[in-house]
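Trainee: Quick one: the structure is below, questions incoming.
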Amino acid sequence: SSPTFTITPYLHLPSIPFTLISTTLHLLTTTPSRLKKHSILTNTLLLLLTLSGSYFLTFLKLATGINGHYKNVNIGGSVISQALKKTYTPKQGRVSELSKKYGDLGTVCGEIYGGGDSKRQSKLNFKKVESFKLHHVVEGLEVIEGMRGGNGVVGKKVDVVNNLMGRCEDKKSVVFLVRILMSNLRVGCTVLSFLDAA
């Protein structure tokens with residue numbers, strides 16, 4: 001049976017929960033039908049547009065590749081791997097093992113987050129004052145974009161990504177946060193699919 005798509009109203013919240021974005025992207029990944037993918041995208045975009053035009057545009061920017069919108073971000077596998085090890089402290093060799101198995105750092109991070117084989121440093125190190133929201137991702141990207149070359153820049157990027165990973169509340173959020181940061185969603189939709197649904 002195909003997954004169904006339901007929209008939970010977030011009208012009472014000051015910002016969009018990141019789980020809305022990650023759930024949408026997860027549904028796109030697991031839905032083989034192009035028509036259903038289009039329906040999922042259209043419904044999500046309509047909801048975001050109803051709430052605020054800025055949410056709508058932010059989702060499109062993140063979904064169509066941050067490199068086109070945040071020119072100086074440059075978050076590669078090295079930054080993600082370092083942040084992953086700092087946030088979740090996986091068993092030695094586990095990241096390499098999962099990377100060979102999946103070939104996608106988003107899935108690797110999700111497996112480590114949800115696999116029960118790592119110490120969840122995020123639960124110990126991060127005091128959650130509010131749930132993980134879309135604006136946290138945007139703010140993190142803006143901080144990274146403002147960084148210029150020099151000593152310690154990679155470490156600062158790792159710290160920002162570490163903070164974002166530590167805020168994630170479920171496996172899907174970790175997977176799609178990492179994929180957004182690396183501009184590789186792997187949802188089976190082209191940029192044109194997103195724009196067509198818009």
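Every chain in the structure tokens has a letter given in the order shown (A, B, ...), and although residue numbers restart at 1 in each chain, ligands are simply numbered from 1 in the order shown.
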Which residues of stretch 70-159 of chain A sit at most 10 Å from stretch 17-30 of chain A, using only C-alpha atoms? Give each one's shortest atom pair and distance in Å (one decimal place), in chain and ascending residue order, as a tab-separated table.
Mentor:
```
residue	atom	partner	partner_atom	distance
A:Ser131	CA	A:Pro17	CA	7.2
A:Phe132	CA	A:Phe18	CA	5.8
A:Lys133	CA	A:Pro17	CA	4.3
A:Leu134	CA	A:Phe18	CA	4.8
A:His135	CA	A:Phe18	CA	8.4
A:His136	CA	A:Phe18	CA	8.6
A:Val137	CA	A:Phe18	CA	8.4
```
Trainee: Find the spatial neighbours of stretch 61-63 of chain A, counting only C-alpha atoms, within a cut-off of 9 Å - ignore same-chain residues fewer than 3 positions away - and output them as a list in words.
Mentor: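 With the cut-off at 9 Å, the set is Leu25, Phe56, Leu57, Thr58, Ile66, Gly68, His69, Val138, Ile180, Leu181, Ser183, Asn184, Leu185, Val191 and Phe194 of chain A.
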Trainee: Dump C-alpha atoms for the selected residues as a PDB file, in the first residue's frame?
Mentor:
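Written out: selection_0.pdb:
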```pdb
ATOM      1  CA  LEU A  25      10.814  14.779   1.863  1.00  0.00           C
ATOM      2  CA  PHE A  56       7.109  28.750   0.898  1.00  0.00           C
ATOM      3  CA  LEU A  57      10.240  30.373  -0.559  1.00  0.00           C
ATOM      4  CA  THR A  58      12.504  28.944   2.150  1.00  0.00           C
ATOM      5  CA  ILE A  66      21.282  25.447  -1.019  1.00  0.00           C
ATOM      6  CA  GLY A  68      22.353  28.038  -5.561  1.00  0.00           C
ATOM      7  CA  HIS A  69      21.089  30.300  -2.769  1.00  0.00           C
ATOM      8  CA  VAL A 138      18.141  28.828   7.808  1.00  0.00           C
ATOM      9  CA  ILE A 180      19.811  19.621   2.653  1.00  0.00           C
ATOM     10  CA  LEU A 181      23.196  20.760   3.952  1.00  0.00           C
ATOM     11  CA  SER A 183      22.469  19.873  -1.498  1.00  0.00           C
ATOM     12  CA  ASN A 184      21.569  16.289  -2.378  1.00  0.00           C
ATOM     13  CA  LEU A 185      18.020  15.391  -1.286  1.00  0.00           C
ATOM     14  CA  VAL A 191      14.269  20.950  -9.511  1.00  0.00           C
ATOM     15  CA  PHE A 194       9.468  21.342  -7.294  1.00  0.00           C
TER      16      PHE A 194
END
```
Trainee: Please provide as a list in words all residues within 12 Å of A:Val143, with the sequence filter that same-chain residues fewer than 5 positions apart are discarded (counting only C-alpha atoms).
Mentor: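 Within the cut-off, the hits are Tyr70, Asn72, Val73, His136, Val137, Val138, Arg148, Val153, Lys156, Lys157, Val158, Asp159, Val160, Val161, Asn163 and Leu164 of chain A.
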Trainee: May I ask which of the residues A:Gly65, A:Asn74, A:Val187, A:Phe176 is the closest one to A:Gly146, counting only C-alpha atoms?
Mentor: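 Among the listed residues, the smallest separation from A:Gly146 belongs to A:Asn74.
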Trainee: Calculated over only C-alpha atoms, which of the candidates A:Met147, A:Leu46, A:Met165, A:Leu141 has the smallest distance to A:Gln82?
Mentor: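 Using only C-alpha atoms, A:Gln82 sits closest to A:Met165.
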Trainee: Give me, please, the distance in Å between atom CA of A:Glu139 and atom CA of A:Arg167, quoted to one decimal.
Mentor: 13.1 Å
